[in-house]
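*Asks:* Structure file run16.pdb (PDB, C-alpha atoms, pLDDT in the B column) is given on the next line.
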```pdb
ATOM      1  CA  MET A 351      61.858 117.579 163.991  1.00 56.00           C
ATOM      2  CA  SER A 352      62.784 121.178 164.219  1.00 52.00           C
ATOM      3  CA  ALA A 353      61.343 124.362 162.868  1.00 46.00           C
ATOM      4  CA  SER A 354      64.080 126.614 161.622  1.00 47.00           C
ATOM      5  CA  ALA A 355      64.375 130.157 162.854  1.00 35.00           C
ATOM      6  CA  ARG A 356      64.064 131.358 159.275  1.00 44.00           C
ATOM      7  CA  SER A 357      60.591 132.810 159.131  1.00 49.00           C
ATOM      8  CA  THR A 358      59.711 135.594 156.761  1.00 50.00           C
ATOM      9  CA  GLY A 359      56.929 138.167 156.542  1.00 50.00           C
ATOM     10  CA  SER A 360      55.344 140.858 158.688  1.00 52.00           C
ATOM     11  CA  PRO A 361      52.499 140.012 161.120  1.00 53.00           C
ATOM     12  CA  SER A 362      49.903 141.235 158.607  1.00 68.00           C
ATOM     13  CA  ALA A 363      51.509 139.340 155.710  1.00 88.00           C
ATOM     14  CA  ALA A 364      52.050 135.692 154.906  1.00 92.00           C
ATOM     15  CA  ARG A 365      54.710 134.056 157.077  1.00 95.00           C
ATOM     16  CA  THR A 366      56.832 131.155 155.888  1.00 97.00           C
ATOM     17  CA  ALA A 367      58.761 128.733 158.077  1.00 98.00           C
ATOM     18  CA  ARG A 368      60.828 125.656 157.275  1.00 98.00           C
ATOM     19  CA  LEU A 369      60.622 122.424 159.184  1.00 98.00           C
ATOM     20  CA  ALA A 370      63.259 119.666 159.040  1.00 98.00           C
ATOM     21  CA  VAL A 371      61.792 116.192 159.535  1.00 98.00           C
ATOM     22  CA  LYS A 372      64.028 113.160 159.982  1.00 98.00           C
ATOM     23  CA  THR A 373      62.520 109.864 158.907  1.00 98.00           C
ATOM     24  CA  SER A 374      63.647 106.394 159.941  1.00 98.00           C
ATOM     25  CA  ARG A 375      62.084 104.020 157.385  1.00 97.00           C
ATOM     26  CA  ARG A 376      61.833 103.794 153.602  1.00 97.00           C
ATOM     27  CA  THR A 377      58.051 104.175 153.706  1.00 98.00           C
ATOM     28  CA  GLU A 378      56.871 106.147 156.713  1.00 98.00           C
ATOM     29  CA  LEU A 379      54.050 108.474 157.660  1.00 98.00           C
ATOM     30  CA  ARG A 380      55.359 110.924 160.290  1.00 98.00           C
ATOM     31  CA  ASN A 381      52.810 112.923 162.249  1.00 98.00           C
ATOM     32  CA  ILE A 382      53.953 116.556 162.024  1.00 98.00           C
ATOM     33  CA  THR A 383      50.754 118.167 163.321  1.00 98.00           C
ATOM     34  CA  ALA A 384      52.234 119.535 166.566  1.00 98.00           C
ATOM     35  CA  ASP A 385      55.144 121.126 164.700  1.00 98.00           C
ATOM     36  CA  ILE A 386      52.818 122.743 162.150  1.00 98.00           C
ATOM     37  CA  ALA A 387      50.485 123.961 164.917  1.00 98.00           C
ATOM     38  CA  ASP A 388      53.443 125.525 166.735  1.00 98.00           C
ATOM     39  CA  ILE A 389      54.565 127.316 163.569  1.00 98.00           C
ATOM     40  CA  VAL A 390      51.035 128.636 162.996  1.00 98.00           C
ATOM     41  CA  ALA A 391      50.757 129.835 166.604  1.00 97.00           C
ATOM     42  CA  ARG A 392      54.081 131.686 166.333  1.00 97.00           C
ATOM     43  CA  SER A 393      53.060 133.231 162.997  1.00 97.00           C
ATOM     44  CA  GLY A 394      50.528 135.527 164.642  1.00 96.00           C
ATOM     45  CA  VAL A 395      47.887 134.653 162.041  1.00 97.00           C
ATOM     46  CA  VAL A 396      44.505 134.571 163.769  1.00 96.00           C
ATOM     47  CA  SER A 397      42.298 133.788 160.778  1.00 97.00           C
ATOM     48  CA  GLY A 398      43.440 132.502 157.394  1.00 98.00           C
ATOM     49  CA  VAL A 399      44.975 129.426 155.838  1.00 98.00           C
ATOM     50  CA  CYS A 400      48.056 127.322 156.379  1.00 98.00           C
ATOM     51  CA  HIS A 401      49.752 125.829 153.330  1.00 98.00           C
ATOM     52  CA  VAL A 402      52.011 122.835 153.945  1.00 98.00           C
ATOM     53  CA  TYR A 403      54.340 122.019 151.052  1.00 98.00           C
ATOM     54  CA  VAL A 404      56.965 119.283 150.668  1.00 98.00           C
ATOM     55  CA  PRO A 405      59.519 120.226 147.952  1.00 98.00           C
ATOM     56  CA  HIS A 406      60.598 116.669 147.159  1.00 98.00           C
ATOM     57  CA  THR A 407      59.690 114.210 144.397  1.00 96.00           C
ATOM     58  CA  THR A 408      59.753 111.143 146.670  1.00 97.00           C
ATOM     59  CA  ALA A 409      57.914 112.525 149.710  1.00 98.00           C
ATOM     60  CA  GLY A 410      54.544 114.180 150.126  1.00 98.00           C
ATOM     61  CA  VAL A 411      52.006 115.303 152.700  1.00 98.00           C
ATOM     62  CA  THR A 412      48.522 114.111 153.612  1.00 98.00           C
ATOM     63  CA  ILE A 413      45.837 114.541 156.252  1.00 98.00           C
ATOM     64  CA  ASN A 414      44.389 111.434 157.842  1.00 98.00           C
ATOM     65  CA  GLU A 415      43.607 109.859 161.196  1.00 98.00           C
ATOM     66  CA  GLY A 416      46.234 110.563 163.825  1.00 97.00           C
ATOM     67  CA  ALA A 417      44.629 109.108 166.957  1.00 96.00           C
ATOM     68  CA  ASP A 418      45.425 105.477 166.167  1.00 96.00           C
ATOM     69  CA  PRO A 419      48.989 104.896 164.878  1.00 95.00           C
ATOM     70  CA  ASP A 420      47.850 101.640 163.301  1.00 97.00           C
ATOM     71  CA  VAL A 421      46.035 103.677 160.635  1.00 98.00           C
ATOM     72  CA  ALA A 422      49.317 105.235 159.451  1.00 98.00           C
ATOM     73  CA  ARG A 423      50.974 101.809 159.408  1.00 97.00           C
ATOM     74  CA  ASP A 424      48.042 100.399 157.395  1.00 98.00           C
ATOM     75  CA  ILE A 425      48.430 103.237 154.890  1.00 98.00           C
ATOM     76  CA  GLU A 426      52.181 102.576 154.627  1.00 98.00           C
ATOM     77  CA  LEU A 427      51.538  98.873 153.976  1.00 97.00           C
ATOM     78  CA  THR A 428      48.902  99.675 151.366  1.00 97.00           C
ATOM     79  CA  PHE A 429      51.241 102.032 149.496  1.00 97.00           C
ATOM     80  CA  ASP A 430      53.939  99.363 149.475  1.00 95.00           C
ATOM     81  CA  ARG A 431      51.436  96.880 148.039  1.00 95.00           C
ATOM     82  CA  LEU A 432      50.141  99.349 145.422  1.00 94.00           C
ATOM     83  CA  ALA A 433      53.628 100.296 144.222  1.00 91.00           C
ATOM     84  CA  PRO A 434      56.145  97.610 145.238  1.00 88.00           C
ATOM     85  CA  ARG A 435      59.796  98.673 145.380  1.00 88.00           C
ATOM     86  CA  ASN A 436      61.066  96.174 142.825  1.00 85.00           C
ATOM     87  CA  ALA A 437      58.043  95.815 140.550  1.00 77.00           C
ATOM     88  CA  ALA A 438      58.824  94.521 137.087  1.00 79.00           C
ATOM     89  CA  GLY A 439      58.885  97.135 134.358  1.00 82.00           C
ATOM     90  CA  TYR A 440      60.170 100.188 136.212  1.00 76.00           C
ATOM     91  CA  GLN A 441      62.530 102.143 133.934  1.00 82.00           C
ATOM     92  CA  HIS A 442      63.968 104.819 136.279  1.00 83.00           C
ATOM     93  CA  ALA A 443      67.674 104.024 136.799  1.00 74.00           C
ATOM     94  CA  GLU A 444      67.868 105.211 140.431  1.00 85.00           C
ATOM     95  CA  GLY A 445      65.756 102.299 141.662  1.00 81.00           C
ATOM     96  CA  ASN A 446      63.151 104.421 143.422  1.00 90.00           C
ATOM     97  CA  SER A 447      60.361 104.512 140.853  1.00 90.00           C
ATOM     98  CA  ASP A 448      57.911 103.255 143.461  1.00 93.00           C
ATOM     99  CA  SER A 449      58.684 106.330 145.582  1.00 94.00           C
ATOM    100  CA  HIS A 450      57.834 108.684 142.716  1.00 93.00           C
ATOM    101  CA  VAL A 451      54.588 106.803 142.030  1.00 94.00           C
ATOM    102  CA  LYS A 452      53.528 106.984 145.688  1.00 96.00           C
ATOM    103  CA  THR A 453      54.271 110.704 145.844  1.00 97.00           C
ATOM    104  CA  ALA A 454      52.261 111.293 142.671  1.00 97.00           C
ATOM    105  CA  ILE A 455      49.289 109.632 144.390  1.00 97.00           C
ATOM    106  CA  VAL A 456      49.613 111.578 147.665  1.00 98.00           C
ATOM    107  CA  GLY A 457      50.654 114.989 146.346  1.00 98.00           C
ATOM    108  CA  SER A 458      53.069 117.551 147.694  1.00 98.00           C
ATOM    109  CA  SER A 459      50.792 120.018 149.505  1.00 98.00           C
ATOM    110  CA  GLN A 460      47.828 120.430 151.836  1.00 98.00           C
ATOM    111  CA  THR A 461      45.869 123.473 152.968  1.00 98.00           C
ATOM    112  CA  VAL A 462      44.297 123.823 156.416  1.00 98.00           C
ATOM    113  CA  PHE A 463      42.134 126.680 157.701  1.00 98.00           C
ATOM    114  CA  ILE A 464      43.351 128.778 160.623  1.00 98.00           C
ATOM    115  CA  GLU A 465      40.733 130.061 163.089  1.00 98.00           C
ATOM    116  CA  HIS A 466      41.487 131.796 166.401  1.00 98.00           C
ATOM    117  CA  GLY A 467      45.191 131.249 165.734  1.00 97.00           C
ATOM    118  CA  ARG A 468      44.839 127.467 165.536  1.00 98.00           C
ATOM    119  CA  LEU A 469      44.655 124.846 162.815  1.00 98.00           C
ATOM    120  CA  VAL A 470      41.128 123.703 161.999  1.00 98.00           C
ATOM    121  CA  LEU A 471      41.348 119.912 161.883  1.00 98.00           C
ATOM    122  CA  GLY A 472      38.717 117.290 162.579  1.00 97.00           C
ATOM    123  CA  THR A 473      38.788 115.445 165.886  1.00 96.00           C
ATOM    124  CA  TRP A 474      40.850 112.557 164.555  1.00 97.00           C
ATOM    125  CA  GLN A 475      42.754 114.362 161.796  1.00 98.00           C
ATOM    126  CA  ALA A 476      46.516 114.856 161.732  1.00 98.00           C
ATOM    127  CA  ILE A 477      49.021 116.126 159.174  1.00 98.00           C
ATOM    128  CA  PHE A 478      51.550 113.558 157.999  1.00 98.00           C
ATOM    129  CA  LEU A 479      54.794 113.843 156.093  1.00 98.00           C
ATOM    130  CA  CYS A 480      54.755 110.843 153.748  1.00 98.00           C
ATOM    131  CA  GLU A 481      58.262 109.475 153.263  1.00 98.00           C
ATOM    132  CA  PHE A 482      58.644 107.057 150.363  1.00 98.00           C
ATOM    133  CA  ASP A 483      62.441 106.955 149.865  1.00 97.00           C
ATOM    134  CA  GLY A 484      63.881 107.111 153.357  1.00 97.00           C
ATOM    135  CA  PRO A 485      65.370 107.266 155.748  1.00 98.00           C
ATOM    136  CA  ARG A 486      66.239 110.921 155.107  1.00 97.00           C
ATOM    137  CA  THR A 487      65.856 114.404 156.485  1.00 98.00           C
ATOM    138  CA  ARG A 488      63.064 116.168 154.623  1.00 98.00           C
ATOM    139  CA  GLU A 489      62.165 119.827 154.396  1.00 98.00           C
ATOM    140  CA  VAL A 490      58.583 120.965 154.904  1.00 98.00           C
ATOM    141  CA  LEU A 491      57.575 124.540 154.081  1.00 98.00           C
ATOM    142  CA  VAL A 492      54.735 126.025 156.121  1.00 98.00           C
ATOM    143  CA  ARG A 493      53.111 129.266 155.029  1.00 98.00           C
ATOM    144  CA  SER A 494      50.539 130.942 157.282  1.00 98.00           C
ATOM    145  CA  VAL A 495      48.421 133.403 155.288  1.00 98.00           C
ATOM    146  CA  PRO A 496      46.056 135.812 157.062  1.00 97.00           C
ATOM    147  CA  ASP A 497      42.630 136.559 155.648  1.00 95.00           C
ATOM    148  CA  ALA A 498      42.515 139.788 153.672  1.00 89.00           C
ATOM    149  CA  ALA A 499      41.543 142.846 155.689  1.00 71.00           C
ATOM    150  CA  VAL A 500      38.071 144.078 154.796  1.00 57.00           C
TER     151      VAL A 500
END
```
Rewrite the structure of this file - the entire thing - as structure tokens.
*Replies:*
Amino acid sequence: MSASARSTGSPSAARTARLAVKTSRRTELRNITADIADIVARSGVVSGVCHVYVPHTTAGVTINEGADPDVARDIELTFDRLAPRNAAGYQHAEGNSDSHVKTAIVGSSQTVFIEHGRLVLGTWQAIFLCEFDGPRTREVLVRSVPDAAV
């Protein structure tokens, strides 16, 4: 994973960075918390919000437990059971209808508070890119927005 050098905005304005995430499986939850935290730290935003957005129709983003990797694997297995790859009745010609369904369930964005220049996550929480049509390289947009000056 790599954060691109393309970051926009002044220190007192919203700052946007792009992160490239390479996945290795068709269905995969990749923990991207450290990369997002690094982007937020470099943004200079001390207090505000961080928006994480995945601009793809077959990948999304979620927040869940990151301490035990078995939780992510359990989630992957559950998604594959909920929307099997070759389920009867799919109409989409590309053969990845299940990926679109899974993304519709997860969603394409998350918002996390920033306090003291750091992400505010629960003890066990992590931010995951949810790949449903991999392996691929996915783009993740991260926007750090400072609180309005009073």
*Asks:* Just how far from atom CA of Asp385 of chain A is atom CA of Val492 of chain A, in Å to one decimal?
*Replies:*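 Result for atom CA of Val492 of chain A versus atom CA of Asp385 of chain A: 9.9 Å, one decimal.
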*Asks:* What is the atom CA of Val399 of chain A to atom CA of Arg380 of chain A distance in Å?
*Replies:*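 Atom CA of Arg380 of chain A lies 21.7 Å from atom CA of Val399 of chain A.
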*Asks:* How far is it from atom CA of Val395 of chain A to atom CA of Thr383 of chain A, in Å with one decimal?
*Replies:*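 That distance, rounded to one decimal, is 16.8 Å.
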*Asks:* Expand the PyMOL selection byres ((chain A and resi 498) around 12) into the explicit residue set it covers here, and present it as a VMD selection string.
*Replies:* chain A and resid 362 to 364 395 to 399 495 to 497 499 to 500
*Asks:* Between A:Ser449, A:Ser393, A:Asn381, A:Thr487, which is the closest to Ala367 of chain A once you count only C-alpha atoms?
*Replies:*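 That would be A:Ser393, the residue with the smallest distance to Ala367 of chain A.
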*Asks:* Identify all residues satisfying the PyMOL selection byres ((chain A and resi 455) around 12) in the given file; provide them as a list in words.
*Replies:*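 Listing what the PyMOL selection byres ((chain A and resi 455) around 12) selects in the shown file: Thr407, Thr408, Ala409, Gly410, Val411, Thr412, Phe429, Leu432, Ala433, Asp448, Ser449, His450, Val451, Lys452, Thr453, Ala454, Val456, Gly457, Ser458, Ser459, Cys480 and Phe482 of chain A.
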*Asks:* Each residue of segment 387-444 of chain A with at least one atom at most 10 Å from segment 471-478 of chain A should appear once, together with its nearest atom pair and the corresponding distance in Å (one decimal); atoms considered: only C-alpha atoms; ordering: chain, then increasing residue number; output as JSON lines.
*Replies:*
```
{"residue": "A:Ala387", "atom": "CA", "partner": "A:Ile477", "partner_atom": "CA", "distance": 9.8}
{"residue": "A:Val402", "atom": "CA", "partner": "A:Ile477", "partner_atom": "CA", "distance": 9.0}
{"residue": "A:Gly410", "atom": "CA", "partner": "A:Phe478", "partner_atom": "CA", "distance": 8.4}
{"residue": "A:Val411", "atom": "CA", "partner": "A:Phe478", "partner_atom": "CA", "distance": 5.6}
{"residue": "A:Thr412", "atom": "CA", "partner": "A:Phe478", "partner_atom": "CA", "distance": 5.4}
{"residue": "A:Ile413", "atom": "CA", "partner": "A:Ile477", "partner_atom": "CA", "distance": 4.6}
{"residue": "A:Asn414", "atom": "CA", "partner": "A:Gln475", "partner_atom": "CA", "distance": 5.2}
{"residue": "A:Glu415", "atom": "CA", "partner": "A:Gln475", "partner_atom": "CA", "distance": 4.6}
{"residue": "A:Gly416", "atom": "CA", "partner": "A:Ala476", "partner_atom": "CA", "distance": 4.8}
{"residue": "A:Ala417", "atom": "CA", "partner": "A:Trp474", "partner_atom": "CA", "distance": 5.7}
{"residue": "A:Asp418", "atom": "CA", "partner": "A:Trp474", "partner_atom": "CA", "distance": 8.6}
{"residue": "A:Ala422", "atom": "CA", "partner": "A:Phe478", "partner_atom": "CA", "distance": 8.7}
```
*Asks:* Include C-alpha atoms and write out the residues we just selected as a PDB file, keeping the file's coordinate frame.
*Replies:*
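Once everything was written out, this is selection36.pdb:
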```pdb
ATOM      1  CA  ALA A 387      50.485 123.961 164.917  1.00 98.00           C
ATOM      2  CA  VAL A 402      52.011 122.835 153.945  1.00 98.00           C
ATOM      3  CA  GLY A 410      54.544 114.180 150.126  1.00 98.00           C
ATOM      4  CA  VAL A 411      52.006 115.303 152.700  1.00 98.00           C
ATOM      5  CA  THR A 412      48.522 114.111 153.612  1.00 98.00           C
ATOM      6  CA  ILE A 413      45.837 114.541 156.252  1.00 98.00           C
ATOM      7  CA  ASN A 414      44.389 111.434 157.842  1.00 98.00           C
ATOM      8  CA  GLU A 415      43.607 109.859 161.196  1.00 98.00           C
ATOM      9  CA  GLY A 416      46.234 110.563 163.825  1.00 97.00           C
ATOM     10  CA  ALA A 417      44.629 109.108 166.957  1.00 96.00           C
ATOM     11  CA  ASP A 418      45.425 105.477 166.167  1.00 96.00           C
ATOM     12  CA  ALA A 422      49.317 105.235 159.451  1.00 98.00           C
TER      13      ALA A 422
END
```
*Asks:* Which of these, A:Asn436, A:Gln441, A:Gln460, A:Thr377, has the shortest distance to Asp424 of chain A once you count only C-alpha atoms?
*Replies:* A:Thr377
*Asks:* Pull out every residue that the PyMOL selection byres ((chain A and resi 468) around 8) matches in the shown coordinates and put them as an mmCIF file with C-alpha atoms, in the frame of the given file.
*Replies:*
```cif
data_model
loop_
_atom_site.group_PDB
_atom_site.id
_atom_site.type_symbol
_atom_site.label_atom_id
_atom_site.label_comp_id
_atom_site.auth_asym_id
_atom_site.auth_seq_id
_atom_site.Cartn_x
_atom_site.Cartn_y
_atom_site.Cartn_z
ATOM 1 C CA ALA A 387 50.485 123.961 164.917
ATOM 2 C CA VAL A 390 51.035 128.636 162.996
ATOM 3 C CA ALA A 391 50.757 129.835 166.604
ATOM 4 C CA VAL A 396 44.505 134.571 163.769
ATOM 5 C CA ILE A 464 43.351 128.778 160.623
ATOM 6 C CA GLU A 465 40.733 130.061 163.089
ATOM 7 C CA HIS A 466 41.487 131.796 166.401
ATOM 8 C CA GLY A 467 45.191 131.249 165.734
ATOM 9 C CA LEU A 469 44.655 124.846 162.815
ATOM 10 C CA VAL A 470 41.128 123.703 161.999
#
```
*Asks:* Within 9 Å of segment 369-373 of chain A, which residues of segment 452-489 of chain A show up? Give each one with its shortest atom-to-atom distance in Å (one decimal) and the two atoms involved, counting only C-alpha atoms, rows by chain then rising residue number, as CSV.
*Replies:*
```
residue,atom,partner,partner_atom,distance
A:Leu479,CA,A:Val371,CA,8.1
A:Glu481,CA,A:Thr373,CA,7.1
A:Gly484,CA,A:Thr373,CA,6.3
A:Pro485,CA,A:Thr373,CA,5.0
A:Arg486,CA,A:Thr373,CA,5.4
A:Thr487,CA,A:Lys372,CA,4.1
A:Arg488,CA,A:Val371,CA,5.1
A:Glu489,CA,A:Ala370,CA,4.8
```
*Asks:* Under the rule that only C-alpha atoms are counted, which of A:His406, A:Asp483, A:Arg375, A:Cys400 is the nearest residue to Gly445 of chain A?
*Replies:*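 Using only C-alpha atoms, the shortest distance to Gly445 of chain A belongs to A:Asp483.
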*Asks:* Rank A:Asp420, A:Ile425, A:Phe463, A:Arg376 by their smallest atom-to-atom distance to Asn446 of chain A, using all atoms listed in the file, and report the top residue only.
*Replies:* A:Arg376
*Asks:* Would you please work out which residue, of A:Ala384, A:Ser374, A:Pro434, A:Arg392, is nearest to Ser494 of chain A when using only C-alpha atoms?
*Replies:*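 Looking only at the distances to Ser494 of chain A, the closest residue turns out to be A:Arg392.
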